[in-house]
file work29.pdb (PDB, C-alpha atoms and all ligand atoms)
ATOM      1  CA  MET A  19      96.105 103.624 123.591
ATOM      2  CA  ASN A  20      94.650 106.474 121.536
ATOM      3  CA  ALA A  21      90.957 106.986 121.066
ATOM      4  CA  VAL A  22      91.277 105.235 117.712
ATOM      5  CA  THR A  23      92.511 101.651 117.773
ATOM      6  CA  PRO A  24      95.553 101.364 115.504
ATOM      7  CA  VAL A  25      95.107  99.080 112.537
ATOM      8  CA  LEU A  26      98.509  97.586 113.352
ATOM      9  CA  GLU A  27     100.533  97.452 116.576
ATOM     10  CA  VAL A  28     103.910  95.801 116.629
ATOM     11  CA  ASP A  29     105.498  95.351 120.017
ATOM     12  CA  GLU A  30     109.160  94.420 120.586
ATOM     13  CA  LEU A  31     109.186  92.180 117.541
ATOM     14  CA  VAL A  32     112.206  89.905 117.182
ATOM     15  CA  ARG A  33     113.176  87.494 114.403
ATOM     16  CA  HIS A  34     116.500  85.729 114.564
ATOM     17  CA  PHE A  35     117.676  83.275 111.920
ATOM     18  CA  THR A  36     120.101  80.634 113.040
ATOM     19  CA  THR A  37     122.227  78.279 111.023
ATOM     20  CA  LYS A  38     123.320  74.995 112.531
ATOM     21  CA  ASP A  39     126.200  72.652 111.793
ATOM     22  CA  PHE A  40     125.748  68.916 111.092
ATOM     23  CA  LEU A  41     125.559  68.172 114.822
ATOM     24  CA  GLY A  42     122.711  70.618 115.203
ATOM     25  CA  ARG A  43     124.819  73.149 117.047
ATOM     26  CA  GLU A  44     124.027  76.790 116.404
ATOM     27  CA  VAL A  45     126.912  78.293 114.459
ATOM     28  CA  HIS A  46     125.541  81.591 113.317
ATOM     29  CA  ARG A  47     122.721  83.890 114.306
ATOM     30  CA  VAL A  48     121.344  86.731 112.182
ATOM     31  CA  ARG A  49     119.374  89.256 114.207
ATOM     32  CA  ALA A  50     117.213  90.236 111.214
ATOM     33  CA  VAL A  51     114.664  92.020 113.404
ATOM     34  CA  ASP A  52     115.776  92.808 116.921
ATOM     35  CA  GLY A  53     113.125  94.516 119.004
ATOM     36  CA  VAL A  54     110.980  96.612 116.690
ATOM     37  CA  SER A  55     107.880  98.493 117.881
ATOM     38  CA  PHE A  56     105.546 100.758 115.933
ATOM     39  CA  THR A  57     101.896 101.407 115.227
ATOM     40  CA  VAL A  58      99.982 102.271 112.078
ATOM     41  CA  ALA A  59      96.740 104.253 112.417
ATOM     42  CA  PRO A  60      93.752 103.658 110.152
ATOM     43  CA  GLY A  61      94.286 105.415 106.820
ATOM     44  CA  GLU A  62      97.912 106.198 107.636
ATOM     45  CA  THR A  63     101.042 105.442 105.603
ATOM     46  CA  LEU A  64     104.091 104.433 107.601
ATOM     47  CA  GLY A  65     107.276 104.228 105.558
ATOM     48  CA  LEU A  66     109.960 101.727 106.475
ATOM     49  CA  VAL A  67     113.380 102.680 105.119
ATOM     50  CA  GLY A  68     116.950 101.569 105.672
ATOM     51  CA  GLU A  69     119.894  99.906 104.004
ATOM     52  CA  SER A  70     119.734  96.498 102.380
ATOM     53  CA  GLY A  71     119.562  93.750 104.999
ATOM     54  CA  SER A  72     118.276  96.042 107.770
ATOM     55  CA  GLY A  73     115.212  93.832 108.303
ATOM     56  CA  LYS A  74     112.476  95.683 106.421
ATOM     57  CA  SER A  75     111.109  92.746 104.436
ATOM     58  CA  THR A  76     111.386  90.435 107.429
ATOM     59  CA  THR A  77     109.310  92.929 109.428
ATOM     60  CA  GLY A  78     106.741  92.992 106.622
ATOM     61  CA  ARG A  79     106.572  89.204 106.484
ATOM     62  CA  LEU A  80     106.134  88.975 110.252
ATOM     63  CA  VAL A  81     103.315  91.512 110.188
ATOM     64  CA  LEU A  82     101.597  89.481 107.467
ATOM     65  CA  ARG A  83     102.257  86.364 109.524
ATOM     66  CA  LEU A  84     104.062  84.773 106.571
ATOM     67  CA  ASP A  85     106.828  84.151 109.097
ATOM     68  CA  ASP A  86     106.764  83.553 112.855
ATOM     69  CA  PRO A  87     108.466  85.934 115.261
ATOM     70  CA  THR A  88     111.103  84.698 117.676
ATOM     71  CA  GLU A  89     109.621  87.086 120.243
ATOM     72  CA  GLY A  90     107.206  89.976 120.447
ATOM     73  CA  ARG A  91     103.611  90.668 119.628
ATOM     74  CA  ILE A  92     101.535  91.740 116.618
ATOM     75  CA  ARG A  93      98.049  93.148 116.968
ATOM     76  CA  PHE A  94      95.726  93.782 114.054
ATOM     77  CA  GLU A  95      92.736  96.053 114.748
ATOM     78  CA  GLY A  96      93.232  95.346 118.445
ATOM     79  CA  GLN A  97      93.339  91.557 118.066
ATOM     80  CA  ASP A  98      96.504  89.691 119.013
ATOM     81  CA  ILE A  99      97.411  87.720 115.875
ATOM     82  CA  THR A 100     100.915  86.649 116.953
ATOM     83  CA  HIS A 101     100.018  83.020 117.477
ATOM     84  CA  LEU A 102      96.942  82.489 115.312
ATOM     85  CA  ASN A 103      96.970  79.299 113.245
ATOM     86  CA  ALA A 104      96.341  79.137 109.517
ATOM     87  CA  ALA A 105      92.578  78.701 109.884
ATOM     88  CA  GLN A 106      92.290  81.596 112.338
ATOM     89  CA  LEU A 107      94.440  83.779 110.102
ATOM     90  CA  LEU A 108      92.035  83.460 107.203
ATOM     91  CA  ALA A 109      89.718  86.155 108.541
ATOM     92  CA  VAL A 110      92.689  88.467 109.197
ATOM     93  CA  ARG A 111      94.173  87.884 105.738
ATOM     94  CA  ARG A 112      91.059  89.292 104.215
ATOM     95  CA  LYS A 113      91.771  92.639 105.848
ATOM     96  CA  MET A 114      95.535  92.659 105.388
ATOM     97  CA  GLN A 115      96.975  92.322 101.907
ATOM     98  CA  VAL A 116     100.397  92.517 100.334
ATOM     99  CA  VAL A 117     101.898  94.044  97.198
ATOM    100  CA  PHE A 118     105.362  92.762  96.323
ATOM    101  CA  GLN A 119     108.214  94.259  94.363
ATOM    102  CA  ASP A 120     107.828  91.845  91.487
ATOM    103  CA  PRO A 121     104.202  91.050  90.794
ATOM    104  CA  PHE A 122     105.274  88.610  88.081
ATOM    105  CA  SER A 123     106.589  86.140  90.628
ATOM    106  CA  SER A 124     103.309  86.212  92.540
ATOM    107  CA  LEU A 125     101.120  85.768  89.433
ATOM    108  CA  ASN A 126     100.572  82.285  88.049
ATOM    109  CA  PRO A 127     101.852  82.470  84.442
ATOM    110  CA  ARG A 128      99.152  80.069  83.246
ATOM    111  CA  MET A 129      96.230  81.854  84.886
ATOM    112  CA  ARG A 130      94.346  84.654  83.177
ATOM    113  CA  VAL A 131      94.973  87.806  85.182
ATOM    114  CA  GLY A 132      91.238  88.360  85.680
ATOM    115  CA  ASP A 133      91.021  84.955  87.380
ATOM    116  CA  ALA A 134      94.044  85.848  89.522
ATOM    117  CA  VAL A 135      92.303  89.007  90.725
ATOM    118  CA  ALA A 136      89.031  87.102  91.270
ATOM    119  CA  GLU A 137      90.722  84.343  93.249
ATOM    120  CA  PRO A 138      90.689  86.031  96.686
ATOM    121  CA  LEU A 139      87.025  86.942  96.120
ATOM    122  CA  LYS A 140      86.355  83.260  95.622
ATOM    123  CA  SER A 141      88.547  81.841  98.384
ATOM    124  CA  HIS A 142      87.183  84.304 100.958
ATOM    125  CA  ARG A 143      83.658  83.603  99.656
ATOM    126  CA  ILE A 144      83.032  87.307  99.207
ATOM    127  CA  LEU A 145      81.237  86.912  95.899
ATOM    128  CA  LYS A 146      79.647  83.560  95.208
ATOM    129  CA  THR A 147      78.776  83.648  91.533
ATOM    130  CA  ALA A 148      81.167  83.885  88.606
ATOM    131  CA  ALA A 149      79.071  86.699  87.123
ATOM    132  CA  GLU A 150      79.402  88.825  90.262
ATOM    133  CA  ARG A 151      83.131  88.217  90.386
ATOM    134  CA  HIS A 152      83.485  89.080  86.715
ATOM    135  CA  GLU A 153      81.715  92.377  87.335
ATOM    136  CA  ARG A 154      83.904  93.184  90.360
ATOM    137  CA  VAL A 155      87.097  92.343  88.473
ATOM    138  CA  ALA A 156      86.050  94.707  85.689
ATOM    139  CA  GLN A 157      85.507  97.462  88.278
ATOM    140  CA  LEU A 158      88.865  96.774  89.893
ATOM    141  CA  PHE A 159      90.659  96.841  86.548
ATOM    142  CA  GLN A 160      89.087 100.159  85.768
ATOM    143  CA  ARG A 161      90.008 101.477  89.203
ATOM    144  CA  VAL A 162      93.707 100.696  88.769
ATOM    145  CA  GLY A 163      93.779 102.097  85.239
ATOM    146  CA  LEU A 164      93.591  98.940  83.146
ATOM    147  CA  ASP A 165      91.181  98.128  80.337
ATOM    148  CA  PRO A 166      88.741  95.536  81.769
ATOM    149  CA  ARG A 167      89.134  93.524  78.554
ATOM    150  CA  PHE A 168      92.722  92.822  79.615
ATOM    151  CA  ALA A 169      91.331  90.431  82.242
ATOM    152  CA  GLU A 170      91.354  87.685  79.605
ATOM    153  CA  ARG A 171      95.096  87.965  79.049
ATOM    154  CA  PHE A 172      98.027  86.213  80.691
ATOM    155  CA  PRO A 173     100.738  87.855  82.850
ATOM    156  CA  HIS A 174     103.459  87.776  80.170
ATOM    157  CA  GLN A 175     101.321  89.990  77.939
ATOM    158  CA  PHE A 176     101.758  92.953  80.288
ATOM    159  CA  SER A 177     104.487  95.487  81.019
ATOM    160  CA  GLY A 178     105.985  95.786  84.504
ATOM    161  CA  GLY A 179     103.820  98.773  85.398
ATOM    162  CA  GLN A 180     100.674  97.019  84.193
ATOM    163  CA  ARG A 181     101.559  93.919  86.175
ATOM    164  CA  GLN A 182     101.971  96.022  89.290
ATOM    165  CA  ARG A 183      98.507  97.459  88.632
ATOM    166  CA  ILE A 184      97.203  93.885  88.471
ATOM    167  CA  GLY A 185      98.968  93.111  91.770
ATOM    168  CA  ILE A 186      97.308  96.154  93.326
ATOM    169  CA  ALA A 187      93.889  95.171  91.944
ATOM    170  CA  ARG A 188      94.304  91.732  93.456
ATOM    171  CA  ALA A 189      95.207  93.216  96.854
ATOM    172  CA  LEU A 190      92.238  95.599  96.669
ATOM    173  CA  ALA A 191      89.714  92.930  95.709
ATOM    174  CA  VAL A 192      88.933  92.004  99.319
ATOM    175  CA  SER A 193      88.744  95.648 100.526
ATOM    176  CA  PRO A 194      91.652  95.385 102.994
ATOM    177  CA  ARG A 195      92.271  97.812 105.876
ATOM    178  CA  LEU A 196      96.047  97.463 105.611
ATOM    179  CA  ILE A 197      98.314  96.892 102.640
ATOM    180  CA  VAL A 198     101.932  95.941 103.218
ATOM    181  CA  ALA A 199     103.815  97.113 100.133
ATOM    182  CA  ASP A 200     107.391  95.838  99.893
ATOM    183  CA  GLU A 201     109.317  97.996  97.413
ATOM    184  CA  PRO A 202     106.354  98.035  95.003
ATOM    185  CA  ILE A 203     107.934 100.478  92.552
ATOM    186  CA  THR A 204     111.623  99.572  92.795
ATOM    187  CA  ALA A 205     111.538  97.231  89.800
ATOM    188  CA  LEU A 206     109.635  99.658  87.569
ATOM    189  CA  ASP A 207     110.903 102.173  85.019
ATOM    190  CA  VAL A 208     111.424 105.578  86.584
ATOM    191  CA  SER A 209     108.812 107.029  84.231
ATOM    192  CA  ILE A 210     106.213 104.565  85.555
ATOM    193  CA  GLN A 211     107.084 104.864  89.258
ATOM    194  CA  ALA A 212     105.302 108.176  89.777
ATOM    195  CA  GLN A 213     102.125 106.810  88.193
ATOM    196  CA  ILE A 214     102.051 103.870  90.561
ATOM    197  CA  VAL A 215     102.812 106.052  93.598
ATOM    198  CA  ASN A 216      99.953 108.333  92.578
ATOM    199  CA  LEU A 217      97.684 105.336  92.220
ATOM    200  CA  PHE A 218      98.548 104.244  95.774
ATOM    201  CA  MET A 219      97.761 107.740  97.050
ATOM    202  CA  ASP A 220      94.469 108.064  95.159
ATOM    203  CA  LEU A 221      93.328 104.660  96.354
ATOM    204  CA  GLN A 222      94.084 105.579  99.952
ATOM    205  CA  GLN A 223      92.137 108.831  99.679
ATOM    206  CA  GLU A 224      89.197 107.040  98.209
ATOM    207  CA  LEU A 225      89.174 103.827 100.252
ATOM    208  CA  GLY A 226      90.934 104.875 103.466
ATOM    209  CA  MET A 227      93.164 101.853 103.988
ATOM    210  CA  ALA A 228      96.511 102.086 105.785
ATOM    211  CA  TYR A 229      99.869 101.265 104.207
ATOM    212  CA  LEU A 230     103.076  99.882 105.593
ATOM    213  CA  PHE A 231     105.321 101.038 102.792
ATOM    214  CA  ILE A 232     108.793  99.532 102.506
ATOM    215  CA  ALA A 233     111.024 101.617 100.274
ATOM    216  CA  HIS A 234     114.516 102.664  99.299
ATOM    217  CA  ASP A 235     113.757 105.920  97.541
ATOM    218  CA  LEU A 236     113.560 108.675 100.157
ATOM    219  CA  ALA A 237     112.104 111.222  97.736
ATOM    220  CA  MET A 238     109.160 108.902  97.186
ATOM    221  CA  VAL A 239     108.823 108.226 100.920
ATOM    222  CA  ARG A 240     108.738 111.943 101.598
ATOM    223  CA  PHE A 241     105.971 112.366  99.049
ATOM    224  CA  LEU A 242     103.866 109.377 100.068
ATOM    225  CA  CYS A 243     104.268 108.683 103.785
ATOM    226  CA  HIS A 244     102.730 110.365 106.807
ATOM    227  CA  ARG A 245     105.368 108.949 109.132
ATOM    228  CA  VAL A 246     108.683 107.232 108.589
ATOM    229  CA  ALA A 247     110.623 104.630 110.576
ATOM    230  CA  VAL A 248     114.330 104.261 109.760
ATOM    231  CA  MET A 249     115.758 100.791 110.263
ATOM    232  CA  LEU A 250     119.388  99.837 110.827
ATOM    233  CA  ARG A 251     120.550  96.285 111.582
ATOM    234  CA  GLY A 252     117.198  95.057 112.819
ATOM    235  CA  ARG A 253     116.388  98.103 114.949
ATOM    236  CA  ILE A 254     114.396 101.279 114.397
ATOM    237  CA  VAL A 255     116.887 104.103 114.963
ATOM    238  CA  GLU A 256     114.481 106.962 114.302
ATOM    239  CA  MET A 257     110.754 107.391 113.817
ATOM    240  CA  ALA A 258     108.886 110.639 113.210
ATOM    241  CA  THR A 259     106.360 112.401 111.051
ATOM    242  CA  THR A 260     107.697 112.902 107.544
ATOM    243  CA  GLU A 261     108.054 116.677 108.103
ATOM    244  CA  GLN A 262     109.961 116.210 111.358
ATOM    245  CA  LEU A 263     112.244 113.567 109.933
ATOM    246  CA  PHE A 264     113.274 115.546 106.866
ATOM    247  CA  ALA A 265     113.472 118.901 108.692
ATOM    248  CA  HIS A 266     115.379 117.702 111.769
ATOM    249  CA  PRO A 267     116.888 114.268 111.329
ATOM    250  CA  ARG A 268     118.542 113.420 114.669
ATOM    251  CA  HIS A 269     120.197 110.062 114.241
ATOM    252  CA  PRO A 270     123.500 110.185 112.299
ATOM    253  CA  TYR A 271     122.300 107.313 110.096
ATOM    254  CA  THR A 272     119.140 109.220 109.129
ATOM    255  CA  GLN A 273     121.234 112.337 108.536
ATOM    256  CA  ALA A 274     123.510 110.364 106.222
ATOM    257  CA  LEU A 275     120.547 108.908 104.287
ATOM    258  CA  ILE A 276     118.949 112.307 103.818
ATOM    259  CA  SER A 277     122.227 113.977 102.860
ATOM    260  CA  ALA A 278     122.583 111.423 100.062
ATOM    261  CA  MET A 279     119.321 112.545  98.421
ATOM    262  CA  PRO A 280     119.849 114.523  95.211
ATOM    263  CA  ILE A 281     118.268 117.997  95.288
ATOM    264  CA  PRO A 282     116.337 118.931  92.110
ATOM    265  CA  ASP A 283     117.681 122.529  92.208
ATOM    266  CA  PRO A 284     121.126 122.578  90.449
ATOM    267  CA  ASP A 285     122.633 125.370  92.610
ATOM    268  CA  ARG A 286     121.623 123.717  95.855
ATOM    269  CA  GLU A 287     122.604 120.329  94.471
ATOM    270  CA  LEU A 288     126.138 121.631  93.882
ATOM    271  CA  ALA A 289     126.310 122.926  97.443
ATOM    272  CA  ARG A 290     124.872 119.729  98.945
ATOM    273  CA  GLN A 291     127.050 118.314 101.719
ATOM    274  CA  ARG A 292     127.158 114.583 102.145
ATOM    275  CA  ILE A 293     127.209 113.270 105.680
ATOM    276  CA  PHE A 294     128.887 109.902 106.022
ATOM    277  CA  TYR A 295     128.039 107.448 108.746
ATOM    278  CA  GLU A 296     129.872 104.239 109.353
ATOM    279  CA  ALA A 297     126.949 101.985 110.239
ATOM    280  CA  VAL A 298     127.385 100.321 113.602
ATOM    281  CA  THR A 299     125.014  97.867 115.194
ATOM    282  CA  PRO A 300     123.034  99.831 117.774
ATOM    283  CA  PRO A 301     123.875  98.741 121.344
ATOM    284  CA  ARG A 302     121.361  96.266 122.706
ATOM    285  CA  GLU A 303     120.461  98.453 125.666
ATOM    286  CA  ALA A 304     119.631 101.471 123.430
ATOM    287  CA  ARG A 305     115.991 102.542 123.589
ATOM    288  CA  LEU A 306     113.848 104.912 121.535
ATOM    289  CA  ALA A 307     113.451 108.226 123.352
ATOM    290  CA  GLU A 308     110.929 110.925 122.395
ATOM    291  CA  VAL A 309     112.855 114.104 121.508
ATOM    292  CA  GLU A 310     109.803 116.103 120.465
ATOM    293  CA  LYS A 311     106.185 115.043 120.255
ATOM    294  CA  GLY A 312     105.943 112.044 117.945
ATOM    295  CA  HIS A 313     109.674 112.081 117.121
ATOM    296  CA  TRP A 314     111.666 109.155 118.498
ATOM    297  CA  VAL A 315     115.397 108.552 118.344
ATOM    298  CA  LEU A 316     117.369 105.527 119.484
ATOM    299  CA  ALA A 317     119.746 106.511 122.240
TER
HETATM  300  N1  LIG B 401     115.018  83.013 105.661
HETATM  301  C1  LIG B 401     116.154  83.576 106.088
HETATM  302  N2  LIG B 401     117.168  82.837 106.573
HETATM  303  C2  LIG B 401     118.319  83.394 107.025
HETATM  304  N3  LIG B 401     118.545  84.710 107.014
HETATM  305  C3  LIG B 401     117.584  85.517 106.530
HETATM  306  C4  LIG B 401     116.335  85.007 106.041
HETATM  307  N4  LIG B 401     115.569  86.053 105.631
HETATM  308  C5  LIG B 401     116.304  87.162 105.841
HETATM  309  N5  LIG B 401     117.494  86.851 106.393
HETATM  310  C6  LIG B 401     118.551  87.821 106.777
HETATM  311  O1  LIG B 401     117.960  88.795 107.612
HETATM  312  C7  LIG B 401     118.493  90.091 107.348
HETATM  313  C8  LIG B 401     117.372  91.040 107.000
HETATM  314  O2  LIG B 401     116.843  90.712 105.727
HETATM  315  P1  LIG B 401     115.623  91.489 105.049
HETATM  316  O3  LIG B 401     115.299  90.793 103.797
HETATM  317  O4  LIG B 401     114.525  91.665 106.040
HETATM  318  O5  LIG B 401     116.289  92.906 104.745
HETATM  319  P2  LIG B 401     115.706  94.135 103.915
HETATM  320  O6  LIG B 401     115.827  95.326 104.803
HETATM  321  O7  LIG B 401     114.370  93.836 103.375
HETATM  322  O8  LIG B 401     116.777  94.289 102.747
HETATM  323  P3  LIG B 401     116.572  94.740 101.196
HETATM  324  O9  LIG B 401     116.554  96.236 101.229
HETATM  325  O10 LIG B 401     117.786  94.212 100.528
HETATM  326  O11 LIG B 401     115.305  94.138 100.694
HETATM  327  C9  LIG B 401     119.520  89.894 106.254
HETATM  328  O12 LIG B 401     120.777  89.770 106.859
HETATM  329  C10 LIG B 401     119.102  88.605 105.595
HETATM  330  O13 LIG B 401     120.206  87.954 105.021
HETATM  331 MG    MG B 402     113.620  93.677 101.411
END

call {"tool": "encode", "arguments": {"input": "work29.pdb", "output": "structure tokens", "more": "lines below"}}
Ligand SMILES: Nc1ncnc2c1ncn2[C@@H]1O[C@H](COP(=O)(O)OP(=O)(O)OP(=O)(O)O)[C@@H](O)[C@H]1O
Ligand SMILES: [Mg+2]
result
Amino acid sequence: MNAVTPVLEVDELVRHFTTKDFLGREVHRVRAVDGVSFTVAPGETLGLVGESGSGKSTTGRLVLRLDDPTEGRIRFEGQDITHLNAAQLLAVRRKMQVVFQDPFSSLNPRMRVGDAVAEPLKSHRILKTAAERHERVAQLFQRVGLDPRFAERFPHQFSGGQRQRIGIARALAVSPRLIVADEPITALDVSIQAQIVNLFMDLQQELGMAYLFIAHDLAMVRFLCHRVAVMLRGRIVEMATTEQLFAHPRHPYTQALISAMPIPDPDRELARQRIFYEAVTPPREARLAEVEKGHWVLA
């Protein structure tokens, strides 16, 4: 282990989903996550990218312990949280928060948004009086770029971008050390996406929390993430610093993803060569090998 304890360590994580017939016999098994290992350092952003169904959200849910792994281990700030029960998880949940793609579905439509943001402060008994919570909510609203007077309103009175700001304020309320963000800008207008990405970056600079950032848009990942892990069919096929990954992608799947990115320069865009890769399930015996310092490729 490094001198600094990682905020998150995931070790050979596995989650299989099985469907059974009416006799209880297993008929189908989805290897959603099939032996995934990575770490996230304090204050670091690790991007998780890959095609739809590659196991990104399942990985996020396992890390948050919203789902139980079939195998493997999850450590948070050095503590093994793989098998903690609901009561034991409470203390961990305070330090590990989530921002979802669609904040609307996670906000109670009948609750004023200020109360929604104050709720974790109350349930974790961080601030005991309503006046203190009110004050903190106003600060949080300001911090995410919302008028504190909006706290009195209901979710439907906001735009998508504003709702995502509310979702971020709610995650920030308890001062977490890790935020798992699952496609937090995918549902937003393109014009709003950059604002929200910038907000994530500013908040990290100021507050120093780590992010596990699940995303589709590679341009955004390149801009936001310190390191990137590329997932394919439940496995990580490549993991590297952002510079390494975009300068020297090694796995053909990563090369195909990067070659599909539009280039903002029209001349270079015209000359851009697409690399196609027929996705195949990585062989079970394949292991990540370090090809240069900090750059791992499944082979
Ligand atoms: N509760 C579940 N029951 C059965 N199968 C599931 C369940 N949750 C996920 N899966 C399957 O596991 C695989 C991985 O799904 P997951 O949602 O993690 O992918 P993803 O990478 O987040 O995809 P997307 O980019 O579309 O969000 C998929 O094949 C999915 O159908
Ligand atoms: Mg997903």

call {"tool": "atom_distance", "arguments": {"input": "work29.pdb", "atom1": "atom O11 of ligand LIG 401 (chain B)", "atom2": "atom CA of A:Leu107"}}
result
25.1 Å

call {"tool": "resolve_selection", "arguments": {"input": "work29.pdb", "expression": "the PyMOL selection byres (((chain A and resi 42-57) around 9) and not hetatm)", "output": "mmCIF file with C-alpha atoms, in the coordinates of the input"}}
result
data_model
loop_
_atom_site.group_PDB
_atom_site.id
_atom_site.type_symbol
_atom_site.label_atom_id
_atom_site.label_comp_id
_atom_site.auth_asym_id
_atom_site.auth_seq_id
_atom_site.Cartn_x
_atom_site.Cartn_y
_atom_site.Cartn_z
ATOM 1 C CA PRO A 24 95.553 101.364 115.504
ATOM 2 C CA VAL A 25 95.107 99.080 112.537
ATOM 3 C CA LEU A 26 98.509 97.586 113.352
ATOM 4 C CA GLU A 27 100.533 97.452 116.576
ATOM 5 C CA VAL A 28 103.910 95.801 116.629
ATOM 6 C CA ASP A 29 105.498 95.351 120.017
ATOM 7 C CA GLU A 30 109.160 94.420 120.586
ATOM 8 C CA LEU A 31 109.186 92.180 117.541
ATOM 9 C CA VAL A 32 112.206 89.905 117.182
ATOM 10 C CA ARG A 33 113.176 87.494 114.403
ATOM 11 C CA HIS A 34 116.500 85.729 114.564
ATOM 12 C CA PHE A 35 117.676 83.275 111.920
ATOM 13 C CA THR A 36 120.101 80.634 113.040
ATOM 14 C CA THR A 37 122.227 78.279 111.023
ATOM 15 C CA LYS A 38 123.320 74.995 112.531
ATOM 16 C CA ASP A 39 126.200 72.652 111.793
ATOM 17 C CA PHE A 40 125.748 68.916 111.092
ATOM 18 C CA LEU A 41 125.559 68.172 114.822
ATOM 19 C CA VAL A 58 99.982 102.271 112.078
ATOM 20 C CA ALA A 59 96.740 104.253 112.417
ATOM 21 C CA LEU A 64 104.091 104.433 107.601
ATOM 22 C CA GLY A 71 119.562 93.750 104.999
ATOM 23 C CA SER A 72 118.276 96.042 107.770
ATOM 24 C CA GLY A 73 115.212 93.832 108.303
ATOM 25 C CA LYS A 74 112.476 95.683 106.421
ATOM 26 C CA THR A 76 111.386 90.435 107.429
ATOM 27 C CA THR A 77 109.310 92.929 109.428
ATOM 28 C CA PRO A 87 108.466 85.934 115.261
ATOM 29 C CA GLU A 89 109.621 87.086 120.243
ATOM 30 C CA GLY A 90 107.206 89.976 120.447
ATOM 31 C CA ALA A 247 110.623 104.630 110.576
ATOM 32 C CA ARG A 251 120.550 96.285 111.582
ATOM 33 C CA GLY A 252 117.198 95.057 112.819
ATOM 34 C CA ARG A 253 116.388 98.103 114.949
ATOM 35 C CA ILE A 254 114.396 101.279 114.397
ATOM 36 C CA MET A 257 110.754 107.391 113.817
ATOM 37 C CA ARG A 302 121.361 96.266 122.706
#

call {"tool": "closest_atom_pairs", "arguments": {"input": "work29.pdb", "of": "chain A", "to": "ligand MG 402 (chain B)", "cutoff": "12 Å", "atoms": "all atoms listed in the file", "output": "Markdown table"}}
result
| residue | atom | partner | partner_atom | distance |
| --- | --- | --- | --- | --- |
| A:Ala50 | CA | B:MG402 | MG | 11.0 |
| A:Leu66 | CA | B:MG402 | MG | 10.2 |
| A:Val67 | CA | B:MG402 | MG | 9.7 |
| A:Gly68 | CA | B:MG402 | MG | 9.6 |
| A:Glu69 | CA | B:MG402 | MG | 9.2 |
| A:Ser70 | CA | B:MG402 | MG | 6.8 |
| A:Gly71 | CA | B:MG402 | MG | 6.9 |
| A:Ser72 | CA | B:MG402 | MG | 8.2 |
| A:Gly73 | CA | B:MG402 | MG | 7.1 |
| A:Lys74 | CA | B:MG402 | MG | 5.5 |
| A:Ser75 | CA | B:MG402 | MG | 4.0 |
| A:Thr76 | CA | B:MG402 | MG | 7.2 |
| A:Thr77 | CA | B:MG402 | MG | 9.1 |
| A:Gly78 | CA | B:MG402 | MG | 8.7 |
| A:Arg79 | CA | B:MG402 | MG | 9.8 |
| A:Phe118 | CA | B:MG402 | MG | 9.7 |
| A:Gln119 | CA | B:MG402 | MG | 8.9 |
| A:Asp120 | CA | B:MG402 | MG | 11.6 |
| A:Ala199 | CA | B:MG402 | MG | 10.5 |
| A:Asp200 | CA | B:MG402 | MG | 6.8 |
| A:Glu201 | CA | B:MG402 | MG | 7.3 |
| A:Pro202 | CA | B:MG402 | MG | 10.6 |
| A:Thr204 | CA | B:MG402 | MG | 10.6 |
| A:Phe231 | CA | B:MG402 | MG | 11.2 |
| A:Ile232 | CA | B:MG402 | MG | 7.7 |
| A:Ala233 | CA | B:MG402 | MG | 8.4 |
| A:His234 | CA | B:MG402 | MG | 9.3 |
| A:Met249 | CA | B:MG402 | MG | 11.6 |

call {"tool": "closest_residue", "arguments": {"input": "work29.pdb", "among": "A:Val248, A:Leu102, A:Val155, A:Cys243", "to": "ligand LIG 401 (chain B)", "atoms": "all atoms listed in the file"}}
result
A:Val248

call {"tool": "residues_around", "arguments": {"input": "work29.pdb", "residues": "A:Ile214", "least_positions_apart": "2", "cutoff": "8 Å", "atoms": "all atoms listed in the file", "output": "list in words"}}
result
Gly179, Gln182, Arg183, Ile203, Ile210, Gln211, Ala212, Asn216, Leu217 and Phe218 of chain A

call {"tool": "closest_residue", "arguments": {"input": "work29.pdb", "among": "A:Val162, A:Met129, A:Ala134, A:Ala205", "to": "ligand LIG 401 (chain B)", "atoms": "all atoms listed in the file"}}
result
A:Ala205

call {"tool": "axis_aligned_box", "arguments": {"input": "work29.pdb", "around": "stretch 248-253 of chain A", "padding_each_side": "3 Å", "output": "lines of an AutoDock Vina configuration file"}}
result
center_x = 117.4
center_y = 99.7
center_z = 112.4
size_x = 12.2
size_y = 15.2
size_z = 11.2

call {"tool": "closest_residue", "arguments": {"input": "work29.pdb", "among": "A:Phe264, A:Trp314, A:Tyr271, A:Tyr229", "to": "A:Tyr295", "atoms": "only C-alpha atoms"}}
result
A:Tyr271
